Structure formats: C-alpha cells, structure tokens
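Colleague: File follows, query22.cif with mmCIF, C-alpha atoms:
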```
data_entry
loop_
_atom_site.label_atom_id
_atom_site.label_comp_id
_atom_site.auth_asym_id
_atom_site.auth_seq_id
_atom_site.Cartn_x
_atom_site.Cartn_y
_atom_site.Cartn_z
CA MET N 1 5.92 158.84 212.08
CA ASP N 2 2.44 158.26 213.35
CA LYS N 3 -0.49 159.90 211.64
CA LYS N 4 -1.55 162.21 214.45
CA LYS N 5 1.87 163.82 214.64
CA LEU N 6 1.96 164.14 210.88
CA ARG N 7 -1.40 165.89 210.93
CA ASN N 8 -0.21 168.24 213.67
CA ASP N 9 2.91 168.97 211.65
CA ILE N 10 0.88 169.84 208.60
CA ILE N 11 -1.39 172.13 210.64
CA LEU N 12 1.63 173.82 212.23
CA ILE N 13 3.49 174.33 208.96
CA ALA N 14 0.38 175.47 207.08
CA SER N 15 -0.48 178.02 209.76
CA LEU N 16 3.09 179.30 209.85
CA ILE N 17 3.11 179.68 206.07
CA LEU N 18 -0.24 181.45 206.25
CA VAL N 19 1.05 183.93 208.85
CA ALA N 20 4.22 184.54 206.84
CA VAL N 21 2.28 185.09 203.61
CA ILE N 22 -0.14 187.50 205.31
CA ALA N 23 2.80 189.41 206.78
CA LEU N 24 4.47 189.44 203.37
CA VAL N 25 1.35 190.83 201.72
CA CYS N 26 1.17 193.55 204.39
CA VAL N 27 4.81 194.47 203.83
CA LEU N 28 4.44 194.52 200.05
CA SER N 29 1.25 196.55 200.12
CA SER N 30 2.85 199.11 202.42
CA ARG N 31 5.64 199.34 199.87
CA GLN N 32 3.26 200.48 197.16
CA LYS N 33 1.96 203.48 199.04
CA ASN N 34 5.43 204.32 200.14
CA ASN N 35 6.00 207.63 201.77
CA LYS N 36 9.27 208.89 200.46
CA TYR N 37 10.74 212.08 201.74
CA ALA N 38 13.68 214.01 200.48
CA LYS N 39 15.52 215.85 203.19
CA VAL N 40 17.62 218.82 202.21
CA TYR N 41 20.40 219.72 204.59
CA PHE N 42 22.51 222.87 204.59
CA GLN N 43 25.55 222.89 206.88
CA ASN N 44 24.15 219.79 208.62
CA GLU N 45 20.88 221.52 209.34
CA LEU N 46 17.62 220.32 207.90
CA ILE N 47 16.25 223.15 205.82
CA GLU N 48 13.57 221.44 203.79
CA THR N 49 11.55 218.21 203.79
CA ILE N 50 10.00 217.40 200.45
CA ASP N 51 7.27 214.81 200.09
CA LEU N 52 8.11 212.75 197.02
CA SER N 53 5.11 210.41 197.16
CA LYS N 54 2.84 213.09 195.69
CA LYS N 55 4.89 212.94 192.48
CA GLU N 56 4.31 216.60 191.73
CA GLU N 57 6.55 218.81 189.72
CA LYS N 58 7.88 221.63 191.80
CA ASP N 59 10.90 223.85 192.32
CA TYR N 60 12.51 224.47 195.67
CA PRO N 61 15.06 227.28 195.76
CA VAL N 62 17.94 227.22 198.23
CA ASP N 63 19.16 230.66 199.16
CA ALA N 64 21.78 230.94 201.85
CA PHE N 65 25.13 232.36 202.76
CA ILE N 66 28.38 230.72 203.82
CA GLY N 67 30.16 233.72 205.28
CA ASP N 68 29.95 236.23 202.45
CA ARG N 69 29.56 233.68 199.71
CA HIS N 70 26.12 233.33 198.26
CA VAL N 71 24.68 229.84 197.83
CA GLU N 72 22.14 229.62 195.07
CA MET N 73 20.61 226.32 194.14
CA MET N 74 17.41 225.16 192.52
CA ILE N 75 16.02 221.74 193.48
CA HIS N 76 13.47 220.24 191.18
CA THR N 77 11.14 217.28 191.81
CA LYS N 78 9.40 215.23 189.17
CA ASP N 79 7.70 211.80 189.28
CA GLY N 80 8.91 211.00 192.78
CA ALA N 81 12.52 211.80 191.90
CA ILE N 82 14.66 214.72 192.93
CA HIS N 83 17.26 216.64 190.99
CA VAL N 84 19.42 219.71 191.41
CA SER N 85 18.62 221.75 188.34
CA LYS N 86 20.79 224.75 189.05
CA SER N 87 23.71 225.42 191.31
CA ASN N 88 26.39 228.07 191.51
CA CYS N 89 29.14 225.63 192.47
CA PRO N 90 32.18 225.24 190.18
CA HIS N 91 32.14 221.48 189.57
CA GLN N 92 28.40 220.98 189.01
CA ASP N 93 28.59 217.42 190.35
CA CYS N 94 25.26 217.79 192.08
CA VAL N 95 23.61 218.85 188.84
CA ASN N 96 25.24 216.02 186.92
CA MET N 97 23.85 213.45 189.38
CA GLY N 98 20.55 213.73 187.57
CA TYR N 99 17.26 212.50 189.00
CA VAL N 100 17.55 210.38 192.13
CA SER N 101 14.75 208.37 193.72
CA VAL N 102 16.51 205.81 195.94
CA SER N 103 17.75 206.28 199.45
CA ASN N 104 21.27 204.95 198.98
CA LYS N 105 22.19 207.65 196.48
CA PRO N 106 22.50 210.97 198.26
CA ILE N 107 23.12 214.14 196.32
CA ILE N 108 26.00 216.00 197.90
CA CYS N 109 27.37 219.40 197.02
CA THR N 110 30.47 219.94 199.11
CA TYR N 111 31.13 223.42 197.83
CA ASN N 112 27.73 224.69 198.87
CA GLN N 113 27.59 222.34 201.89
CA VAL N 114 24.22 221.06 200.80
CA TYR N 115 23.15 217.46 200.79
CA ILE N 116 19.91 215.76 199.89
CA ILE N 117 18.93 212.37 201.30
CA ILE N 118 15.85 210.38 200.44
CA GLU N 119 14.18 208.66 203.33
CA GLY N 120 11.23 206.37 203.21
CA LYS N 121 9.78 203.39 204.98
CA ALA N 122 9.84 200.91 202.14
CA ASN N 123 12.75 202.42 200.33
CA TYR N 124 15.24 201.36 202.90
CA ASP N 125 18.29 199.87 201.21
CA LEU N 126 20.49 197.96 203.57
CA GLU N 127 24.16 198.04 202.80
CA ILE N 128 26.83 196.80 205.12
CA MET I 1 30.38 159.91 230.60
CA LYS I 2 31.49 156.91 228.61
CA VAL I 3 34.44 157.33 226.30
CA GLN I 4 32.44 155.95 223.38
CA LYS I 5 29.74 158.54 223.91
CA MET I 6 32.32 161.28 224.17
CA ALA I 7 33.90 160.15 220.90
CA LEU I 8 30.54 159.98 219.18
CA LEU I 9 29.64 163.46 220.38
CA GLY I 10 33.03 164.70 219.18
CA VAL I 11 32.42 163.29 215.72
CA LEU I 12 28.94 164.79 215.62
CA THR I 13 30.26 168.18 216.76
CA ALA I 14 32.89 168.07 214.03
CA GLY I 15 30.16 167.20 211.52
CA ALA I 16 28.02 170.13 212.65
CA ILE I 17 31.00 172.50 212.39
CA VAL I 18 31.86 171.30 208.88
CA ILE I 19 28.27 171.69 207.74
CA ALA I 20 28.08 175.18 209.25
CA ILE I 21 31.31 176.25 207.52
CA LEU I 22 30.28 174.79 204.17
CA GLU I 23 26.97 176.54 204.58
CA SER I 24 28.71 179.87 205.19
CA PHE I 25 29.91 179.77 201.59
CA ILE I 26 26.33 179.99 200.40
CA PRO I 27 25.55 183.70 200.06
CA SER I 28 22.81 184.84 202.41
CA ILE I 29 19.53 186.21 201.19
CA GLY I 30 18.99 189.89 201.92
CA ILE I 31 20.56 190.19 205.33
CA PRO I 32 24.20 189.32 205.97
CA GLY I 33 24.53 186.45 208.40
CA VAL I 34 21.14 184.85 207.91
CA LYS I 35 21.77 181.23 207.07
CA LEU I 36 19.76 178.16 206.32
CA GLY I 37 20.77 176.31 209.49
CA LEU I 38 21.67 172.96 207.98
CA ALA I 39 23.84 172.19 211.01
CA ASN I 40 20.53 171.84 212.77
CA ILE I 41 20.30 168.32 211.31
CA ILE I 42 23.04 167.17 213.66
CA ILE I 43 21.64 169.09 216.61
CA LEU I 44 18.21 167.52 216.07
CA VAL I 45 19.68 164.03 215.86
CA ILE I 46 21.58 164.60 219.12
CA LEU I 47 18.49 166.03 220.79
CA TYR I 48 16.40 163.02 219.84
CA GLU I 49 18.99 160.30 220.28
CA LEU I 50 21.48 161.39 222.92
CA GLY I 51 19.78 163.91 225.17
CA ILE I 52 19.04 167.55 225.80
CA LEU I 53 22.18 168.56 227.65
CA GLU I 54 24.35 167.04 224.91
CA ALA I 55 22.46 168.97 222.26
CA ILE I 56 22.94 172.26 224.14
CA VAL I 57 26.67 171.68 224.62
CA VAL I 58 27.27 170.62 221.00
CA ASN I 59 25.25 173.55 219.69
CA LEU I 60 27.14 176.14 221.73
CA LEU I 61 30.47 174.52 220.86
CA ARG I 62 29.57 174.59 217.19
CA VAL I 63 28.78 178.33 217.28
CA LEU I 64 31.98 179.05 219.21
CA VAL I 65 34.29 176.98 216.98
CA VAL I 66 32.71 178.21 213.74
CA GLY I 67 33.11 181.78 214.99
CA LEU I 68 36.79 181.17 215.74
CA LEU I 69 37.45 179.37 212.45
CA ARG I 70 35.74 181.96 210.31
CA GLY I 71 37.27 184.83 212.25
CA THR I 72 33.93 186.30 213.16
CA PHE I 73 34.26 185.68 216.89
CA LEU I 74 32.31 188.30 218.90
CA SER I 75 31.34 190.16 215.74
CA MET I 76 27.79 190.93 214.77
CA GLY I 77 27.55 187.76 212.68
CA PHE I 78 28.76 185.67 215.61
CA LEU I 79 26.24 187.16 218.00
CA MET I 80 23.54 186.62 215.41
CA SER I 81 24.41 182.92 215.13
CA LEU I 82 24.67 182.58 218.90
CA THR I 83 21.27 184.16 219.55
CA GLY I 84 19.73 182.18 216.70
CA ALA I 85 21.21 178.93 218.01
CA ILE I 86 20.10 179.52 221.59
CA LEU I 87 16.59 180.61 220.63
CA SER I 88 16.08 177.82 218.14
CA LEU I 89 17.37 175.07 220.42
CA GLY I 90 15.36 176.50 223.31
CA ILE I 91 12.10 176.37 221.41
CA MET I 92 12.96 172.95 219.98
CA ILE I 93 13.56 171.53 223.45
CA LEU I 94 10.29 173.09 224.57
CA PHE I 95 8.40 171.52 221.70
CA TYR I 96 10.22 168.23 222.12
CA LEU I 97 9.61 167.97 225.86
CA LEU I 98 6.43 169.77 226.77
CA ILE I 99 4.39 169.53 223.61
CA LYS I 100 4.90 166.00 222.39
CA LYS I 101 2.38 166.50 219.66
CA PHE I 102 4.75 167.22 216.80
CA SER I 103 7.12 165.00 214.90
CA ILE I 104 10.75 165.91 214.25
CA VAL I 105 9.72 167.85 211.13
CA GLY I 106 7.43 170.17 213.09
CA VAL I 107 10.08 170.67 215.78
CA SER I 108 12.64 171.44 213.08
CA VAL I 109 10.40 174.00 211.36
CA ILE I 110 9.67 175.87 214.58
CA GLY I 111 13.38 175.82 215.46
CA SER I 112 14.29 177.12 212.03
CA ILE I 113 11.89 180.04 212.33
CA PHE I 114 13.17 180.98 215.77
CA HIS I 115 16.71 180.73 214.41
CA VAL I 116 16.11 183.46 211.84
CA ALA I 117 13.97 185.45 214.27
CA GLY I 118 16.85 185.52 216.74
CA GLN I 119 19.27 186.59 214.05
CA ILE I 120 17.00 189.40 212.91
CA LEU I 121 16.55 190.54 216.50
CA ILE I 122 20.31 190.96 216.91
CA ALA I 123 20.62 192.65 213.52
CA MET I 124 17.91 195.06 214.62
CA LEU I 125 19.72 195.85 217.85
CA PHE I 126 23.05 196.34 216.09
CA LEU I 127 21.84 198.44 213.19
CA GLY I 128 19.39 200.34 215.36
CA THR I 129 16.58 200.13 212.88
CA ALA I 130 13.34 198.19 212.85
CA TYR I 131 13.13 198.11 209.07
CA ILE I 132 15.03 194.81 208.97
CA PHE I 133 11.96 193.27 210.49
CA LEU I 134 10.31 193.69 207.10
CA TYR I 135 12.60 190.94 205.84
CA LEU I 136 11.19 188.47 208.35
CA PRO I 137 8.22 187.17 206.28
CA VAL I 138 10.43 186.34 203.30
CA ILE I 139 13.10 184.76 205.44
CA ALA I 140 10.53 182.91 207.53
CA LEU I 141 9.12 181.34 204.37
CA SER I 142 12.56 180.12 203.34
CA ALA I 143 13.13 178.97 206.93
CA ILE I 144 9.97 176.86 206.78
CA ILE I 145 11.20 175.17 203.60
CA THR I 146 14.67 174.49 204.98
CA GLY I 147 13.11 173.47 208.30
CA ILE I 148 11.08 170.78 206.55
CA PHE I 149 14.19 169.64 204.69
CA VAL I 150 16.27 169.57 207.87
CA GLY I 151 13.55 167.69 209.74
CA ILE I 152 13.26 165.04 207.04
CA MET I 153 17.05 164.64 206.91
CA ALA I 154 17.23 164.24 210.69
CA HIS I 155 14.36 161.76 210.57
CA LEU I 156 16.16 159.71 207.91
CA ILE I 157 19.39 159.70 209.92
CA ILE I 158 17.58 158.56 213.05
CA LYS I 159 15.72 155.93 211.02
CA THR I 160 18.98 154.32 209.93
CA GLY I 161 19.56 153.55 213.61
CA ILE I 162 23.24 154.33 213.32
CA ILE I 163 23.37 156.12 216.67
CA LYS I 164 20.97 153.77 218.36
CA LYS I 165 23.25 150.85 217.42
CA GLN I 166 26.23 152.58 219.01
CA ARG I 167 24.18 153.37 222.08
CA GLU I 168 23.12 149.78 222.50
CA LYS I 169 26.56 148.39 221.73
CA TYR I 170 28.40 150.50 224.29
CA ASN I 171 25.44 150.90 226.65
CA PHE I 172 25.23 154.69 227.13
#
```
Rewrite the structure from the file as structure tokens, please.

Modeller:
Amino acid sequence: MDKKKLRNDIILIASLILVAVIALVCVLSSRQKNNKYAKVYFQNELIETIDLSKKEEKDYPVDAFIGDRHVEMMIHTKDGAIHVSKSNCPHQDCVNMGYVSVSNKPIICTYNQVYIIIEGKANYDLEI
Amino acid sequence: MKVQKMALLGVLTAGAIVIAILESFIPSIGIPGVKLGLANIIILVILYELGILEAIVVNLLRVLVVGLLRGTFLSMGFLMSLTGAILSLGIMILFYLLIKKFSIVGVSVIGSIFHVAGQILIAMLFLGTAYIFLYLPVIALSAIITGIFVGIMAHLIIKTGIIKKQREKYNF
C-alpha cells in the first residue's frame, strides 16, 4: 500500500468514526430526556395520555360503563412508572402487575377492557 | 469465459457462501439480520483481482444461495442481505473505479457501512418505524471495525498472489 492511499484511508476511517460517535452521543443524550407517555385505552379507544417524564405522583381514575356494568379503576403514577392501584375486576391481574415503566410490558385488564401501553422515543424495545 | 476462470469463480463463490453461513451462527447485535459481512473478503478479492462483473455475479449468487440454504429466501432477512449486498458492492465499485484514492481497507470500510445501512433501511420499511435508525451509530462503529478487518484480510489474500498466479498460468 502506498503512503498516500494509507493517509486517505486513515482520514476516511477517522471521519466516519467521528460522525458515528457524534450520532451516538446525540442518540444517547436524547435518551436521557426521554419523553415517555402512558396511553390508557378503554374498549380500544384512547381515553387518557399520561406524561411519565415529569415523574410526578398522581392518580387517574377510570370511570366507565360496559353495558350496565360499572368499570372502576384507579391508575397511579410514581417516579416515571405506572401502576393500577385499584380495580373492580375479579382476578386483579392488572393490580398485581405492579409498577411498569417499559414499553414492552403493557398492563391489560380484559375484564374491564382497559389496557395501558407506555410509548416513548428512546424506550422503544424491539422484539421480533 | 475460460473454464479455469469459471472453476476459480465457483470455488470462490462456494467460499463466500460457507463464510456467510458460518457467520449466520454468530448472533446479531441488536437488530436481527445485521451481520458482520465477512463474506465481503471474497467479494473484495474478486473485485480487485478478477473484475467488476464477476464480483456482482458472485455477490448476488451468494445472497441467493445462502437464502435458499438457510430457508430465509424472500423473507425480511433475505431482503435485508440483498439490499445490503447491492448497496455495499455498488459503493465499493464506485470507490474502486471513480475515486482511486483509497486502498482496499478504505473501500472495505465504506462498503461495510453501506451494507449495514442498507439492512437498516429494509428493516425500517418492514417494521414501519424509524426508531431502528437509532441503532445505526452503534452498528456503524462495529461495521468500521469489521470493515478494517475485512480489508486487511482481503489485502493479505491478494498479496499472496494466489489468484494472480492462476490468472497468469491460464491466461484469463
């Protein structure tokens, strides 16, 4: 290999690494100020969007009817995680899920036809 | 085409296929289907020693046969390899022909990056999300490292003169 080509190679590789590292830093820094949202669906309709990035402690009641049956749930957020604290369903699976803060773990209550999904730019977990 | 050249190309194609299949046993980082591209060693050697058209044919054949052997023919993984192979060989030919300022290592690195870029493009189209693009910096860094490795390997193979000897012996 002659020296000029070697020098060009080094310039090319160094600049490519530089671009990749800058892009990586951008991606990682956008991950820190991630904007996570919890979306609460009732009968496939979005009824509430909760901003989890604020990390505040708050209660969101769900009050609805399926026919004559009353749906009563209490959704609680704390430290960027979401949790069903109260539900009038028989199995209480949604309550037993505990606090969830990742997007690939939806909270689903089939009896009340409510599901909660976390969405966020950096919190995207790819599973195929 | 001379029979000797045909035989040599057949052997090289088989080598590329074997490398690609062995490589498929290495688990991919992050995204399914994104590979290191070690078969590129053979493609680079063919590009430098035997010609552009031969490199294109061997590369496409490799993707096709590996797809058939692994049972991923026309699946997402197959289309990812195909796009990666076409893009990477395209840019490598461009760098090899038009911009004769880089050695085989530089050509290999740029090809490696376009290989993963092509794969990510198809993954984006298939999964319908742009978030996969966030993986590109990490994968590009690993592609640069493997690109350097592949380039050096191809350089060493060419340096042995094993193909040149055949070419001179049988005059193709």

Colleague: I'd like the residues picked by the PyMOL selection byres ((chain N) within 7 of (chain I)) written out as a ChimeraX atom specification, using the chain letters and numbers from the file.

Modeller: /N:1,5-6,8-9,12,17,20-21,23-24,27

Colleague: Any chance you can output those residues with C-alpha atoms as an mmCIF file, in the frame of the given file?

Modeller:
```cif
data_model
loop_
_atom_site.group_PDB
_atom_site.id
_atom_site.type_symbol
_atom_site.label_atom_id
_atom_site.label_comp_id
_atom_site.auth_asym_id
_atom_site.auth_seq_id
_atom_site.Cartn_x
_atom_site.Cartn_y
_atom_site.Cartn_z
ATOM 1 C CA MET N 1 5.920 158.840 212.080
ATOM 2 C CA LYS N 5 1.870 163.820 214.640
ATOM 3 C CA LEU N 6 1.960 164.140 210.880
ATOM 4 C CA ASN N 8 -0.210 168.240 213.670
ATOM 5 C CA ASP N 9 2.910 168.970 211.650
ATOM 6 C CA LEU N 12 1.630 173.820 212.230
ATOM 7 C CA ILE N 17 3.110 179.680 206.070
ATOM 8 C CA ALA N 20 4.220 184.540 206.840
ATOM 9 C CA VAL N 21 2.280 185.090 203.610
ATOM 10 C CA ALA N 23 2.800 189.410 206.780
ATOM 11 C CA LEU N 24 4.470 189.440 203.370
ATOM 12 C CA VAL N 27 4.810 194.470 203.830
#
```

Colleague: Translate the PyMOL selection byres ((chain N and resi 77-80) around 6), as applied to the file shown, into an explicit residue set as a list in words.

Modeller: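 With the PyMOL selection byres ((chain N and resi 77-80) around 6) on this model, the match is Leu52, Ser53, Lys55, Glu56, Glu57, Lys58, His76, Ala81 and Ile82 of chain N.
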
Colleague: Enumerate, as a ChimeraX atom specification, the residues matched when the PyMOL selection byres ((chain N and resi 88-93) around 12) is run on the file above.

Modeller: /N:62-64,69-74,83-87,94-98,106-115

Colleague: Ranking I:Ile52, I:Leu69, I:Asn40, I:Met76 by minimum distance to Ile21 (chain I) and counting all atoms listed in the file, which one comes first?

Modeller: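 That would be I:Leu69, the residue with the smallest distance to Ile21 (chain I).
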
Colleague: Tell me which protein, DNA and RNA residues are within 12 Å of Leu64 (chain I), counting all atoms listed in the file, leaving out same-chain ones fewer than 2 positions away, and put them as a PDB file with C-alpha atoms, in the frame of the given file.

Modeller:
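part-v4.pdb was written with the following content:
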```
ATOM      1  CA  THR I  13      30.260 168.180 216.760  1.00  0.00           C
ATOM      2  CA  ALA I  16      28.020 170.130 212.650  1.00  0.00           C
ATOM      3  CA  ILE I  17      31.000 172.500 212.390  1.00  0.00           C
ATOM      4  CA  ALA I  20      28.080 175.180 209.250  1.00  0.00           C
ATOM      5  CA  VAL I  57      26.670 171.680 224.620  1.00  0.00           C
ATOM      6  CA  VAL I  58      27.270 170.620 221.000  1.00  0.00           C
ATOM      7  CA  ASN I  59      25.250 173.550 219.690  1.00  0.00           C
ATOM      8  CA  LEU I  60      27.140 176.140 221.730  1.00  0.00           C
ATOM      9  CA  LEU I  61      30.470 174.520 220.860  1.00  0.00           C
ATOM     10  CA  ARG I  62      29.570 174.590 217.190  1.00  0.00           C
ATOM     11  CA  VAL I  66      32.710 178.210 213.740  1.00  0.00           C
ATOM     12  CA  GLY I  67      33.110 181.780 214.990  1.00  0.00           C
ATOM     13  CA  LEU I  68      36.790 181.170 215.740  1.00  0.00           C
ATOM     14  CA  LEU I  69      37.450 179.370 212.450  1.00  0.00           C
ATOM     15  CA  ARG I  70      35.740 181.960 210.310  1.00  0.00           C
ATOM     16  CA  GLY I  71      37.270 184.830 212.250  1.00  0.00           C
ATOM     17  CA  THR I  72      33.930 186.300 213.160  1.00  0.00           C
ATOM     18  CA  PHE I  73      34.260 185.680 216.890  1.00  0.00           C
ATOM     19  CA  LEU I  74      32.310 188.300 218.900  1.00  0.00           C
ATOM     20  CA  SER I  75      31.340 190.160 215.740  1.00  0.00           C
ATOM     21  CA  GLY I  77      27.550 187.760 212.680  1.00  0.00           C
ATOM     22  CA  PHE I  78      28.760 185.670 215.610  1.00  0.00           C
ATOM     23  CA  LEU I  79      26.240 187.160 218.000  1.00  0.00           C
ATOM     24  CA  MET I  80      23.540 186.620 215.410  1.00  0.00           C
ATOM     25  CA  SER I  81      24.410 182.920 215.130  1.00  0.00           C
ATOM     26  CA  LEU I  82      24.670 182.580 218.900  1.00  0.00           C
ATOM     27  CA  THR I  83      21.270 184.160 219.550  1.00  0.00           C
ATOM     28  CA  ALA I  85      21.210 178.930 218.010  1.00  0.00           C
TER      29      ALA I  85
END
```

Colleague: Give me, please, the distance in Å between CA of Ile41 (chain I) and CA of Ile152 (chain I), quoted to one decimal.

Modeller: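 About the pair CA of Ile41 (chain I) and CA of Ile152 (chain I): they are 8.9 Å apart.
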
Colleague: Suppose you want the space between CA of Ile66 (chain N) and CA of Ala38 (chain N); what is it in Å?

Modeller: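 Separation of CA of Ile66 (chain N) and CA of Ala38 (chain N): 22.5 Å.
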
Colleague: State, in Å with one decimal place, the distance from CA of Tyr96 (chain I) to CA of Ile157 (chain I).

Modeller: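 CA of Ile157 (chain I) lies at a distance of 17.5 Å from CA of Tyr96 (chain I).
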
Colleague: Quick one: what's the axis-aligned box for region 100-113 of chain I, all listed atoms, 8 Å on every side, centre and edges in Å to one decimal, as JSON?

Modeller:
```
{"center_x": 8.3, "center_y": 172.5, "center_z": 216.8, "size_x": 27.9, "size_y": 31.0, "size_z": 27.3}
```

Colleague: Taking (26.7, 154.5, 217.3) as a centre in this file's frame and 12 Å as the limit, can you find every polymer residue with an atom that close, using all atoms listed in the file, and give them as a ChimeraX atom specification?

Modeller: /I:4-9,11-12,45-46,49-50,157-158,160-172

Colleague: For Leu89 (chain I), which of I:Ile122, I:Ala143, I:Ile56, I:Val3 is the closest residue, counting all atoms listed in the file?

Modeller: I:Ile56
